>>> print(open('data26.tsv').read())   # TSV, C-alpha atoms and all ligand atoms
chain	number	residue	atom	x	y	z
A	1	MET	CA	-37.70	139.17	-94.05
A	2	SER	CA	-34.04	138.98	-93.07
A	3	LYS	CA	-31.85	136.70	-90.98
A	4	LYS	CA	-30.58	137.68	-87.59
A	5	ALA	CA	-28.25	135.66	-85.37
A	6	TYR	CA	-28.43	135.60	-81.58
A	7	THR	CA	-25.44	134.19	-79.71
A	8	PHE	CA	-25.67	133.08	-76.09
A	9	ARG	CA	-23.28	131.40	-73.70
A	10	LEU	CA	-23.99	127.76	-72.87
A	11	TYR	CA	-23.16	126.14	-69.56
A	12	PRO	CA	-23.05	122.36	-70.06
A	13	THR	CA	-22.46	120.01	-67.16
A	14	LYS	CA	-19.28	117.89	-67.25
A	15	GLN	CA	-21.22	114.99	-68.71
A	16	GLN	CA	-22.99	117.17	-71.29
A	17	GLU	CA	-19.66	118.64	-72.31
A	18	GLN	CA	-18.40	115.14	-73.02
A	19	THR	CA	-21.42	114.55	-75.26
A	20	LEU	CA	-20.79	117.84	-77.06
A	21	HIS	CA	-17.14	116.92	-77.62
A	22	LYS	CA	-18.13	113.49	-78.88
A	23	THR	CA	-20.71	114.99	-81.27
A	24	LEU	CA	-18.12	117.42	-82.63
A	25	ALA	CA	-15.55	114.65	-83.10
A	26	LEU	CA	-17.99	112.38	-84.96
A	27	CYS	CA	-19.22	115.22	-87.17
A	28	ARG	CA	-15.66	116.14	-88.00
A	29	GLU	CA	-14.94	112.54	-88.95
A	30	LEU	CA	-18.04	112.48	-91.15
A	31	TYR	CA	-17.05	115.75	-92.78
A	32	ASN	CA	-13.58	114.48	-93.63
A	33	ALA	CA	-14.88	111.10	-94.84
A	34	SER	CA	-17.43	112.82	-97.06
A	35	LEU	CA	-14.76	115.07	-98.54
A	36	GLU	CA	-12.46	112.11	-99.09
A	37	GLU	CA	-15.13	110.11	-100.89
A	38	ARG	CA	-15.89	113.00	-103.22
A	39	THR	CA	-12.20	113.64	-103.89
A	40	GLU	CA	-11.39	109.99	-104.64
A	41	ALA	CA	-14.40	109.52	-106.90
A	42	TYR	CA	-13.42	112.54	-108.90
A	43	ARG	CA	-9.73	111.62	-109.05
A	44	MET	CA	-10.34	107.98	-110.04
A	45	SER	CA	-13.21	108.30	-112.45
A	46	LYS	CA	-14.11	111.97	-112.80
A	47	VAL	CA	-17.46	111.32	-111.09
A	48	ARG	CA	-19.09	114.01	-109.02
A	49	ILE	CA	-20.84	112.72	-105.92
A	50	THR	CA	-23.86	114.68	-104.75
A	51	TYR	CA	-25.25	115.49	-101.34
A	52	ASN	CA	-28.22	113.19	-101.89
A	53	GLN	CA	-26.01	110.23	-102.71
A	54	GLN	CA	-24.09	110.68	-99.48
A	55	ALA	CA	-27.19	111.39	-97.37
A	56	THR	CA	-28.83	108.11	-98.44
A	57	GLN	CA	-25.76	106.29	-97.11
A	58	LEU	CA	-26.30	107.61	-93.58
A	59	PRO	CA	-28.56	104.77	-92.32
A	60	GLU	CA	-26.07	102.20	-93.59
A	61	MET	CA	-23.23	104.03	-91.90
A	62	LYS	CA	-25.15	104.01	-88.61
A	63	GLU	CA	-25.34	100.22	-88.77
A	64	ILE	CA	-21.59	99.92	-89.06
A	65	ARG	CA	-20.87	102.75	-86.65
A	66	PRO	CA	-23.68	102.66	-84.06
A	67	GLU	CA	-22.24	105.63	-82.17
A	68	TYR	CA	-23.67	107.82	-84.93
A	69	ASN	CA	-27.14	106.90	-83.65
A	70	ASP	CA	-26.42	109.15	-80.68
A	71	ILE	CA	-26.48	112.20	-82.93
A	72	HIS	CA	-29.64	113.89	-84.20
A	73	SER	CA	-29.86	112.83	-87.84
A	74	GLN	CA	-30.35	116.38	-89.15
A	75	ILE	CA	-27.01	117.37	-87.64
A	76	LEU	CA	-25.35	114.69	-89.77
A	77	GLN	CA	-27.22	115.87	-92.85
A	78	ASP	CA	-26.11	119.42	-92.15
A	79	THR	CA	-22.50	118.26	-91.88
A	80	LEU	CA	-22.75	116.69	-95.34
A	81	ARG	CA	-24.31	119.89	-96.65
A	82	ARG	CA	-21.32	121.85	-95.42
A	83	VAL	CA	-19.08	119.69	-97.63
A	84	GLU	CA	-21.45	120.20	-100.54
A	85	LYS	CA	-21.29	123.95	-100.01
A	86	ALA	CA	-17.49	123.99	-99.89
A	87	MET	CA	-17.30	121.93	-103.10
A	88	ARG	CA	-19.80	124.12	-104.90
A	89	ALA	CA	-17.89	127.25	-103.95
A	90	PHE	CA	-14.70	125.60	-105.21
A	91	PHE	CA	-16.15	124.65	-108.61
A	92	ARG	CA	-17.84	128.02	-109.00
A	93	ARG	CA	-14.53	129.79	-108.55
A	94	VAL	CA	-12.78	127.39	-110.95
A	95	LYS	CA	-15.45	128.14	-113.53
A	96	ASN	CA	-14.87	131.84	-113.07
A	97	GLY	CA	-11.23	131.31	-113.98
A	98	GLU	CA	-9.92	131.76	-110.44
A	99	THR	CA	-7.46	129.39	-108.74
A	100	PRO	CA	-9.12	128.58	-105.43
A	101	GLY	CA	-7.64	126.19	-102.88
A	102	TYR	CA	-9.26	122.77	-102.85
A	103	PRO	CA	-11.55	122.23	-99.80
A	104	ARG	CA	-9.43	121.08	-96.90
A	105	PHE	CA	-9.78	118.34	-94.37
A	106	LYS	CA	-10.75	119.78	-91.01
A	107	SER	CA	-8.35	119.40	-88.12
A	108	PHE	CA	-9.56	119.20	-84.53
A	109	ASN	CA	-9.18	122.94	-84.11
A	110	ARG	CA	-10.86	123.92	-87.35
A	111	PHE	CA	-14.04	121.97	-86.82
A	112	ASP	CA	-15.74	123.74	-83.95
A	113	SER	CA	-19.49	123.64	-84.54
A	114	PHE	CA	-22.51	121.58	-85.48
A	115	THR	CA	-25.99	122.69	-86.49
A	116	TYR	CA	-29.60	121.66	-86.01
A	117	PRO	CA	-30.90	122.92	-89.37
A	118	GLN	CA	-34.65	122.58	-88.70
A	119	GLY	CA	-35.71	121.13	-85.40
A	120	GLY	CA	-34.56	119.11	-82.43
A	121	PHE	CA	-34.01	122.17	-80.26
A	122	SER	CA	-36.25	124.35	-78.13
A	123	LEU	CA	-36.10	126.86	-75.32
A	124	THR	CA	-37.91	125.20	-72.47
A	125	HIS	CA	-37.37	127.89	-69.87
A	126	ASP	CA	-35.71	131.29	-69.56
A	127	THR	CA	-32.49	129.57	-68.58
A	128	ARG	CA	-32.62	126.22	-70.37
A	129	VAL	CA	-32.43	124.93	-73.89
A	130	TYR	CA	-33.34	121.40	-74.89
A	131	LEU	CA	-31.10	119.80	-77.52
A	132	SER	CA	-32.21	116.48	-78.98
A	133	LYS	CA	-29.87	113.58	-78.06
A	134	ILE	CA	-27.85	115.89	-75.81
A	135	GLY	CA	-30.24	117.02	-73.10
A	136	SER	CA	-31.39	120.13	-71.28
A	137	LEU	CA	-28.55	122.64	-71.05
A	138	LYS	CA	-28.21	125.81	-69.06
A	139	VAL	CA	-28.09	128.93	-71.23
A	140	ARG	CA	-27.82	132.62	-70.42
A	141	LEU	CA	-30.28	134.51	-72.59
A	142	HIS	CA	-28.96	138.01	-72.08
A	143	ARG	CA	-31.29	139.53	-74.64
A	144	PRO	CA	-34.76	138.69	-75.93
A	145	ILE	CA	-35.01	136.72	-79.14
A	146	GLU	CA	-37.19	138.27	-81.81
A	147	GLY	CA	-38.58	136.60	-84.89
A	148	LYS	CA	-38.89	132.94	-85.75
A	149	MET	CA	-36.06	130.58	-84.80
A	150	LYS	CA	-34.87	128.69	-87.86
A	151	THR	CA	-31.59	126.97	-87.05
A	152	CYS	CA	-29.49	126.38	-83.97
A	153	THR	CA	-25.71	126.01	-83.98
A	154	ILE	CA	-23.55	124.83	-81.10
A	155	LYS	CA	-20.06	126.28	-81.21
A	156	LYS	CA	-16.95	125.80	-79.18
A	157	GLU	CA	-14.60	128.73	-78.65
A	158	GLY	CA	-11.57	128.04	-76.52
A	159	ASP	CA	-13.03	126.11	-73.62
A	160	GLN	CA	-16.38	127.89	-73.78
A	161	TRP	CA	-19.53	126.81	-75.52
A	162	TYR	CA	-22.01	129.02	-77.34
A	163	ILE	CA	-25.40	128.57	-78.92
A	164	ILE	CA	-26.38	130.59	-81.97
A	165	PHE	CA	-30.01	130.90	-83.03
A	166	SER	CA	-30.54	132.08	-86.55
A	167	CYS	CA	-33.93	133.81	-86.72
A	168	GLU	CA	-36.09	135.17	-89.44
A	169	VAL	CA	-37.04	138.71	-88.54
A	170	GLU	CA	-38.91	141.41	-90.32
A	171	THR	CA	-36.41	143.69	-91.95
A	172	ILE	CA	-35.93	146.75	-89.83
A	173	GLU	CA	-34.85	149.92	-91.56
A	174	PRO	CA	-32.91	152.28	-89.32
A	175	LEU	CA	-35.26	155.06	-88.27
A	176	PRO	CA	-34.61	158.62	-89.45
A	177	GLU	CA	-32.42	160.79	-87.24
A	178	ASN	CA	-34.24	162.28	-84.31
A	179	ASN	CA	-32.84	164.76	-81.78
A	180	GLU	CA	-35.65	164.45	-79.28
A	181	LEU	CA	-34.67	163.34	-75.81
A	182	VAL	CA	-36.90	161.87	-73.15
A	183	GLY	CA	-36.22	161.08	-69.50
A	184	LEU	CA	-38.09	158.25	-67.78
A	185	ASP	CA	-38.72	157.69	-64.11
A	186	MET	CA	-39.89	154.14	-63.46
A	187	GLY	CA	-42.45	154.52	-60.74
A	188	VAL	CA	-44.80	152.90	-58.31
A	189	THR	CA	-48.02	154.69	-59.09
A	190	HIS	CA	-47.31	154.68	-62.81
A	191	PHE	CA	-45.22	152.22	-64.76
A	192	ALA	CA	-43.15	155.21	-65.87
A	193	ALA	CA	-43.35	159.00	-65.88
A	194	LEU	CA	-41.96	160.86	-68.90
A	195	SER	CA	-40.12	164.15	-68.65
A	196	HIS	CA	-42.77	165.85	-70.81
A	197	GLY	CA	-45.35	165.09	-68.17
A	198	GLU	CA	-47.02	162.08	-69.80
A	199	THR	CA	-47.16	158.74	-68.04
A	200	ILE	CA	-47.19	155.09	-69.03
A	201	GLU	CA	-49.73	153.36	-66.81
A	202	ASN	CA	-49.45	149.85	-65.43
A	203	PRO	CA	-51.91	147.68	-67.32
A	204	ARG	CA	-54.89	146.69	-65.24
A	205	HIS	CA	-54.72	143.04	-66.20
A	206	PHE	CA	-51.55	142.63	-64.12
A	207	ARG	CA	-53.54	143.27	-60.97
A	208	ARG	CA	-56.37	141.01	-62.10
A	209	SER	CA	-53.98	138.17	-62.84
A	210	GLN	CA	-52.27	138.74	-59.53
A	211	LYS	CA	-55.56	138.36	-57.68
A	212	ARG	CA	-56.18	135.13	-59.54
A	213	LEU	CA	-52.70	133.96	-58.65
A	214	ALA	CA	-53.32	134.63	-54.97
A	215	LYS	CA	-56.55	132.67	-55.12
A	216	ILE	CA	-54.98	129.62	-56.76
A	217	SER	CA	-52.09	129.69	-54.30
A	218	GLN	CA	-54.61	129.64	-51.48
A	219	ASN	CA	-56.38	126.68	-53.07
A	220	LEU	CA	-53.08	124.89	-53.36
A	221	SER	CA	-52.32	125.29	-49.68
A	222	ARG	CA	-55.65	123.60	-48.91
A	223	CYS	CA	-54.90	120.53	-51.02
A	224	LYS	CA	-53.48	117.43	-49.42
A	225	LYS	CA	-49.86	116.74	-50.35
A	226	GLY	CA	-49.51	114.10	-53.02
A	227	SER	CA	-53.21	114.28	-53.97
A	228	HIS	CA	-54.49	114.42	-57.55
A	229	ARG	CA	-56.25	117.65	-56.79
A	230	ARG	CA	-52.98	119.23	-55.69
A	231	ALA	CA	-51.29	118.19	-58.91
A	232	ARG	CA	-54.14	119.71	-60.90
A	233	VAL	CA	-54.06	123.01	-59.00
A	234	LYS	CA	-50.29	123.13	-59.37
A	235	LYS	CA	-50.66	122.89	-63.12
A	236	GLN	CA	-53.22	125.67	-63.03
A	237	LEU	CA	-50.80	127.81	-61.06
A	238	ALA	CA	-48.00	127.28	-63.57
A	239	LYS	CA	-50.36	128.16	-66.39
A	240	THR	CA	-51.37	131.42	-64.71
A	241	HIS	CA	-47.72	132.32	-64.13
A	242	ARG	CA	-47.02	131.71	-67.79
A	243	LYS	CA	-49.96	133.84	-68.82
A	244	ILE	CA	-48.82	136.75	-66.66
A	245	LYS	CA	-45.33	136.49	-68.06
A	246	ASN	CA	-46.62	136.64	-71.63
A	247	GLN	CA	-48.95	139.54	-70.89
A	248	ARG	CA	-46.07	141.43	-69.37
A	249	LYS	CA	-43.77	140.72	-72.29
A	250	ASP	CA	-46.40	141.88	-74.71
A	251	PHE	CA	-46.92	145.11	-72.78
A	252	LEU	CA	-43.17	145.77	-72.53
A	253	HIS	CA	-42.61	145.14	-76.22
A	254	LYS	CA	-45.37	147.51	-77.25
A	255	GLN	CA	-44.31	150.31	-74.91
A	256	SER	CA	-40.61	150.05	-75.77
A	257	ARG	CA	-41.40	150.06	-79.49
A	258	LYS	CA	-43.44	153.24	-79.05
A	259	LEU	CA	-40.65	155.02	-77.16
A	260	VAL	CA	-37.92	154.02	-79.61
A	261	ASN	CA	-40.04	155.15	-82.55
A	262	THR	CA	-40.78	158.53	-80.96
A	263	TYR	CA	-37.48	159.61	-79.41
A	264	GLY	CA	-33.89	159.76	-80.61
A	265	THR	CA	-32.46	159.30	-77.12
A	266	ILE	CA	-34.07	157.68	-74.10
A	267	VAL	CA	-32.61	158.34	-70.64
A	268	PHE	CA	-33.14	155.91	-67.77
A	269	GLU	CA	-31.99	155.67	-64.20
A	270	LYS	CA	-29.71	152.77	-63.45
A	271	LEU	CA	-31.73	150.29	-61.44
A	272	HIS	CA	-30.61	148.91	-58.12
A	273	PRO	CA	-33.11	146.11	-57.63
A	274	SER	CA	-31.20	144.74	-54.67
A	275	HIS	CA	-31.66	148.04	-52.86
A	276	MET	CA	-35.30	148.26	-53.68
A	277	THR	CA	-36.23	144.81	-52.48
A	278	HIS	CA	-34.56	145.22	-49.07
A	279	ARG	CA	-36.87	145.53	-46.12
A	280	PRO	CA	-36.66	148.91	-44.39
A	281	LYS	CA	-35.19	148.82	-40.87
A	282	PRO	CA	-37.66	149.06	-37.99
A	283	LYS	CA	-37.86	152.60	-36.64
A	284	LYS	CA	-38.03	153.20	-32.91
A	285	ASP	CA	-39.30	156.29	-31.15
A	286	GLU	CA	-36.36	157.66	-29.10
A	287	THR	CA	-38.39	158.68	-26.06
A	288	THR	CA	-41.22	156.16	-25.78
A	289	GLY	CA	-39.43	153.14	-27.29
A	290	GLU	CA	-42.46	152.36	-29.42
A	291	TYR	CA	-42.11	151.19	-33.00
A	292	LEU	CA	-43.10	153.76	-35.58
A	293	PRO	CA	-44.34	153.22	-39.11
A	294	ASN	CA	-41.25	152.72	-41.26
A	295	GLY	CA	-42.79	152.68	-44.70
A	296	ALA	CA	-42.62	148.87	-44.87
A	297	ALA	CA	-46.11	148.68	-46.29
A	298	ALA	CA	-45.25	151.15	-49.03
A	299	LYS	CA	-42.05	149.25	-49.76
A	300	ALA	CA	-43.88	145.95	-49.92
A	301	GLY	CA	-46.24	147.51	-52.45
A	302	LEU	CA	-43.20	148.73	-54.32
A	303	ASN	CA	-41.75	145.24	-54.39
A	304	THR	CA	-44.76	143.56	-55.93
A	305	SER	CA	-44.94	146.36	-58.43
A	306	ILE	CA	-41.30	145.80	-59.41
A	307	LEU	CA	-41.98	142.13	-59.91
A	308	ASP	CA	-45.03	142.96	-61.98
A	309	ALA	CA	-43.60	145.69	-64.03
A	310	GLY	CA	-40.33	144.14	-65.11
A	311	TRP	CA	-38.46	147.43	-65.25
A	312	SER	CA	-35.11	145.91	-66.08
A	313	GLN	CA	-36.72	143.82	-68.80
A	314	PHE	CA	-38.21	147.04	-70.16
A	315	GLN	CA	-34.82	148.78	-70.18
A	316	GLN	CA	-33.37	145.80	-72.03
A	317	TYR	CA	-36.08	145.86	-74.66
A	318	CYS	CA	-35.61	149.59	-75.21
A	319	THR	CA	-31.84	149.16	-75.49
A	320	TYR	CA	-32.00	146.44	-78.14
A	321	LYS	CA	-34.74	148.09	-80.13
A	322	ALA	CA	-32.85	151.38	-80.07
A	323	GLU	CA	-29.67	149.63	-81.17
A	324	ASP	CA	-31.46	148.13	-84.16
A	325	ALA	CA	-33.01	151.46	-85.08
A	326	GLY	CA	-29.80	153.46	-84.75
A	327	ARG	CA	-31.05	155.32	-81.69
A	328	ALA	CA	-29.61	155.75	-78.21
A	329	VAL	CA	-30.40	154.74	-74.63
A	330	LEU	CA	-28.49	156.37	-71.76
A	331	PHE	CA	-28.31	155.39	-68.11
A	332	VAL	CA	-27.71	157.92	-65.35
A	333	SER	CA	-27.08	157.63	-61.64
A	334	PRO	CA	-30.32	157.36	-59.66
A	335	ASN	CA	-28.92	159.36	-56.72
A	336	TYR	CA	-31.22	162.18	-55.63
A	337	THR	CA	-33.22	162.22	-58.86
A	338	SER	CA	-36.45	162.25	-56.88
A	339	GLN	CA	-35.16	164.67	-54.20
A	340	ILE	CA	-33.67	167.42	-56.35
A	341	CYS	CA	-36.03	170.17	-57.48
A	342	SER	CA	-36.17	170.25	-61.27
A	343	GLY	CA	-37.03	173.96	-61.06
A	344	CYS	CA	-34.16	175.34	-58.94
A	345	GLY	CA	-31.79	172.40	-58.32
A	346	GLN	CA	-32.17	172.41	-54.52
A	347	ILE	CA	-32.71	169.24	-52.55
A	348	ARG	CA	-36.24	168.78	-51.25
A	349	LYS	CA	-36.27	165.70	-49.05
A	350	LYS	CA	-39.39	163.58	-49.42
A	351	GLU	CA	-40.75	160.43	-47.85
A	352	LEU	CA	-41.69	157.61	-50.20
A	353	SER	CA	-45.34	158.30	-49.52
A	354	GLU	CA	-45.10	161.95	-50.63
A	355	ARG	CA	-46.35	161.92	-54.20
A	356	TRP	CA	-46.16	165.64	-54.87
A	357	HIS	CA	-43.09	167.81	-55.35
A	358	SER	CA	-43.57	171.28	-53.97
A	359	CYS	CA	-40.72	173.79	-53.73
A	360	ASP	CA	-40.21	177.36	-52.49
A	361	CYS	CA	-39.12	178.32	-55.99
A	362	GLY	CA	-42.69	177.75	-57.11
A	363	ALA	CA	-42.21	174.33	-58.70
A	364	GLU	CA	-45.36	172.27	-58.23
A	365	LEU	CA	-45.51	168.92	-59.96
A	366	ASP	CA	-45.90	165.18	-59.58
A	367	ARG	CA	-42.98	163.56	-57.80
A	368	ASP	CA	-42.21	161.15	-60.65
A	369	HIS	CA	-42.52	163.86	-63.29
A	370	ASN	CA	-39.98	165.91	-61.33
A	371	ALA	CA	-37.62	162.91	-61.25
A	372	ALA	CA	-38.06	162.29	-64.98
A	373	ILE	CA	-36.99	165.88	-65.74
A	374	ASN	CA	-33.89	165.42	-63.56
A	375	ILE	CA	-33.07	162.18	-65.33
A	376	LEU	CA	-33.44	163.86	-68.71
A	377	ARG	CA	-31.13	166.68	-67.60
A	378	LEU	CA	-28.47	164.26	-66.34
A	379	GLY	CA	-28.71	162.34	-69.59
A	380	SER	CA	-28.29	165.39	-71.80
A	381	SER	CA	-25.25	166.61	-69.84
A	382	GLN	CA	-23.81	163.09	-70.16
A	383	ARG	CA	-24.38	163.21	-73.90
A	384	GLY	CA	-22.92	166.69	-74.10
A	385	ALA	CA	-26.04	167.97	-75.76
A	386	THR	CA	-27.46	171.34	-74.94
A	387	TYR	CA	-30.55	170.91	-72.86
A	388	VAL	CA	-33.39	173.19	-73.76
A	389	GLU	CA	-35.20	174.38	-70.64
A	390	ALA	CA	-38.66	173.03	-70.28
A	391	PRO	CA	-41.32	175.73	-70.38
A	392	CYS	CA	-42.06	177.21	-66.95
A	393	LEU	CA	-44.13	174.91	-64.76
B	1	ZN	ZN	-37.23	174.48	-56.46
>>> encode(input="data26.tsv", output="structure tokens")
Amino acid sequence: MSKKAYTFRLYPTKQQEQTLHKTLALCRELYNASLEERTEAYRMSKVRITYNQQATQLPEMKEIRPEYNDIHSQILQDTLRRVEKAMRAFFRRVKNGETPGYPRFKSFNRFDSFTYPQGGFSLTHDTRVYLSKIGSLKVRLHRPIEGKMKTCTIKKEGDQWYIIFSCEVETIEPLPENNELVGLDMGVTHFAALSHGETIENPRHFRRSQKRLAKISQNLSRCKKGSHRRARVKKQLAKTHRKIKNQRKDFLHKQSRKLVNTYGTIVFEKLHPSHMTHRPKPKKDETTGEYLPNGAAAKAGLNTSILDAGWSQFQQYCTYKAEDAGRAVLFVSPNYTSQICSGCGQIRKKELSERWHSCDCGAELDRDHNAAINILRLGSSQRGATYVEAPCL
């Protein structure tokens, strides 16, 4: 097991920021008081005060200074431990015959963090963290957290706030060097098509859960507003959503792990989710004025599949796992990757519903497979690597 720290930006409200400032100020005061007590005791009577002695004074201190009740007690204990650590380091260096500087009092600028060493914090939502005695704060989790969260530190840098989770993770050895490249086309019919012709299929349970979701939603619409039954069904709905989310995460973790373990470099298309979720414009027949099919049904199917599949989440997982393993992920422009023929390089325009790529040059292959080969080729030219032609199709 090893420790890994995850830092995220915090977005406190004005009022929460005041609480954070107040917590910092009180912890700083405690730190300095603790250091002073130790220093005086040693200077006056050569007595060394321990962490335990100071920690047992905390309840008494709270009676005299009730504002300390507004701080999670483990944060105060951690502050005292920081002094203990500084003192220990000092004495250790003295013993080794060095001449270290005596631990210093912390000025406003030098005391910029406090820590929940065990509990009192939890992620309640993808965008919120609950901090005991402070409240529910907005956080931007820009990468998934792996391992078990052990401690949580709140840190001020300039006028920005950060939260640092220290996690226990299984020690990851960098994987051996691997020159194999793979291109991936994230698709509708498959979750992804690989440039070698394999596919990663969408797990069936997504669809099953989605059906269940639709059924519960329908039940909900039949319940009277404010009724007990409605509250119960609402809870059921939230539970199903949670279950789907976890199933998806599990699937994405497994698939990304497999890819990173197998290939040295993974090439993706940059995603444009905003483009993909737009409704296609209605198409009108020039002569009759009648509306023609515009592929809206196919697009709608595409949308639900995007929501299900969590492509961008998948790309994130691959990126972080590759980073840890010393491997690479590349992103290439998605323009024309599905239209260009991977055999001869000419553009073969296709409707969204056309699932097969067929070209005069003799190339015959699945549309997504064709795109994956193009993505791989773009990636290898971007990397400057020599691309070895795939065997004739
Ligand atoms: Zn061709």
>>> closest_residue(input="data26.tsv", among="A:Ser358, A:Gln16, A:Asn374, A:Ser113", to="A:Gly135", atoms="all atoms listed in the file")
A:Gln16
>>> residues_around(input="data26.tsv", residues="A:Phe8", least_positions_apart="3", cutoff="12 Å", atoms="all atoms listed in the file", output="PDB file with C-alpha atoms, in the coordinates of the input")
ATOM      1  CA  ALA A   5     -28.250 135.660 -85.370  1.00  0.00           C
ATOM      2  CA  TYR A  11     -23.160 126.140 -69.560  1.00  0.00           C
ATOM      3  CA  THR A 127     -32.490 129.570 -68.580  1.00  0.00           C
ATOM      4  CA  ARG A 128     -32.620 126.220 -70.370  1.00  0.00           C
ATOM      5  CA  VAL A 129     -32.430 124.930 -73.890  1.00  0.00           C
ATOM      6  CA  LEU A 137     -28.550 122.640 -71.050  1.00  0.00           C
ATOM      7  CA  LYS A 138     -28.210 125.810 -69.060  1.00  0.00           C
ATOM      8  CA  VAL A 139     -28.090 128.930 -71.230  1.00  0.00           C
ATOM      9  CA  ARG A 140     -27.820 132.620 -70.420  1.00  0.00           C
ATOM     10  CA  LEU A 141     -30.280 134.510 -72.590  1.00  0.00           C
ATOM     11  CA  HIS A 142     -28.960 138.010 -72.080  1.00  0.00           C
ATOM     12  CA  ARG A 143     -31.290 139.530 -74.640  1.00  0.00           C
ATOM     13  CA  PRO A 144     -34.760 138.690 -75.930  1.00  0.00           C
ATOM     14  CA  ILE A 145     -35.010 136.720 -79.140  1.00  0.00           C
ATOM     15  CA  CYS A 152     -29.490 126.380 -83.970  1.00  0.00           C
ATOM     16  CA  THR A 153     -25.710 126.010 -83.980  1.00  0.00           C
ATOM     17  CA  ILE A 154     -23.550 124.830 -81.100  1.00  0.00           C
ATOM     18  CA  LYS A 155     -20.060 126.280 -81.210  1.00  0.00           C
ATOM     19  CA  LYS A 156     -16.950 125.800 -79.180  1.00  0.00           C
ATOM     20  CA  GLN A 160     -16.380 127.890 -73.780  1.00  0.00           C
ATOM     21  CA  TRP A 161     -19.530 126.810 -75.520  1.00  0.00           C
ATOM     22  CA  TYR A 162     -22.010 129.020 -77.340  1.00  0.00           C
ATOM     23  CA  ILE A 163     -25.400 128.570 -78.920  1.00  0.00           C
ATOM     24  CA  ILE A 164     -26.380 130.590 -81.970  1.00  0.00           C
ATOM     25  CA  PHE A 165     -30.010 130.900 -83.030  1.00  0.00           C
ATOM     26  CA  SER A 166     -30.540 132.080 -86.550  1.00  0.00           C
TER      27      SER A 166
END
>>> closest_atom_pairs(input="data26.tsv", of="chain A", to="ligand ZN 1 (chain B)", cutoff="7 Å", atoms="all atoms listed in the file", output="Markdown table")
| residue | atom | partner | partner_atom | distance |
| --- | --- | --- | --- | --- |
| A:Cys341 | CA | B:ZN1 | ZN | 4.6 |
| A:Ser342 | CA | B:ZN1 | ZN | 6.5 |
| A:Gly343 | CA | B:ZN1 | ZN | 4.6 |
| A:Cys344 | CA | B:ZN1 | ZN | 4.0 |
| A:Gly345 | CA | B:ZN1 | ZN | 6.1 |
| A:Gln346 | CA | B:ZN1 | ZN | 5.8 |
| A:Cys359 | CA | B:ZN1 | ZN | 4.5 |
| A:Asp360 | CA | B:ZN1 | ZN | 5.7 |
| A:Cys361 | CA | B:ZN1 | ZN | 4.3 |
| A:Gly362 | CA | B:ZN1 | ZN | 6.4 |
| A:Ala363 | CA | B:ZN1 | ZN | 5.5 |
>>> closest_residue(input="data26.tsv", among="A:Gly119, A:Pro176, A:Gly197, A:Pro203", to="A:Leu365", atoms="only C-alpha atoms")
A:Gly197
>>> atom_distance(input="data26.tsv", atom1="atom CA of A:Gly264", atom2="atom CA of A:Ser333")
20.3 Å
>>> closest_residue(input="data26.tsv", among="A:Leu123, A:Leu35, A:Leu184, A:Ala231", to="A:Glu198", atoms="only C-alpha atoms")
A:Leu184
>>> atom_distance(input="data26.tsv", atom1="atom CA of A:Leu252", atom2="atom CA of A:Thr240")
18.3 Å
>>> residues_around(input="data26.tsv", residues="A:Phe108", least_positions_apart="6", cutoff="12 Å", atoms="only C-alpha atoms", output="VMD selection string")
chain A and resid 21 to 22 24 to 29 31 to 32 156
>>> atom_distance(input="data26.tsv", atom1="atom CA of A:Thr115", atom2="atom CA of A:Gly147")
18.8 Å
>>> decode(input="data26.tsv", residues="stretch 346-368 of chain A", atoms="C-alpha atoms", output="PDB file, in the first residue's frame")
ATOM      1  CA  GLN A 346     -10.454   9.204 -50.044  1.00  0.00           C
ATOM      2  CA  ILE A 347     -13.578  10.659 -48.516  1.00  0.00           C
ATOM      3  CA  ARG A 348     -16.596   8.366 -48.634  1.00  0.00           C
ATOM      4  CA  LYS A 349     -19.575  10.318 -47.345  1.00  0.00           C
ATOM      5  CA  LYS A 350     -21.923   8.277 -45.186  1.00  0.00           C
ATOM      6  CA  GLU A 351     -25.196   8.871 -43.392  1.00  0.00           C
ATOM      7  CA  LEU A 352     -25.273   8.103 -39.678  1.00  0.00           C
ATOM      8  CA  SER A 353     -27.400   5.055 -40.386  1.00  0.00           C
ATOM      9  CA  GLU A 354     -24.828   3.534 -42.780  1.00  0.00           C
ATOM     10  CA  ARG A 355     -22.956   1.037 -40.655  1.00  0.00           C
ATOM     11  CA  TRP A 356     -20.698  -0.378 -43.345  1.00  0.00           C
ATOM     12  CA  HIS A 357     -17.740   1.257 -45.069  1.00  0.00           C
ATOM     13  CA  SER A 358     -17.422   0.206 -48.668  1.00  0.00           C
ATOM     14  CA  CYS A 359     -14.949   1.833 -51.055  1.00  0.00           C
ATOM     15  CA  ASP A 360     -13.965   1.526 -54.724  1.00  0.00           C
ATOM     16  CA  CYS A 361     -10.443   0.672 -53.613  1.00  0.00           C
ATOM     17  CA  GLY A 362     -11.800  -2.590 -52.277  1.00  0.00           C
ATOM     18  CA  ALA A 363     -11.940  -1.645 -48.593  1.00  0.00           C
ATOM     19  CA  GLU A 364     -14.890  -3.389 -46.952  1.00  0.00           C
ATOM     20  CA  LEU A 365     -15.229  -3.056 -43.215  1.00  0.00           C
ATOM     21  CA  ASP A 366     -17.394  -1.920 -40.325  1.00  0.00           C
ATOM     22  CA  ARG A 367     -17.840   1.837 -40.197  1.00  0.00           C
ATOM     23  CA  ASP A 368     -16.467   2.155 -36.653  1.00  0.00           C
TER      24      ASP A 368
END
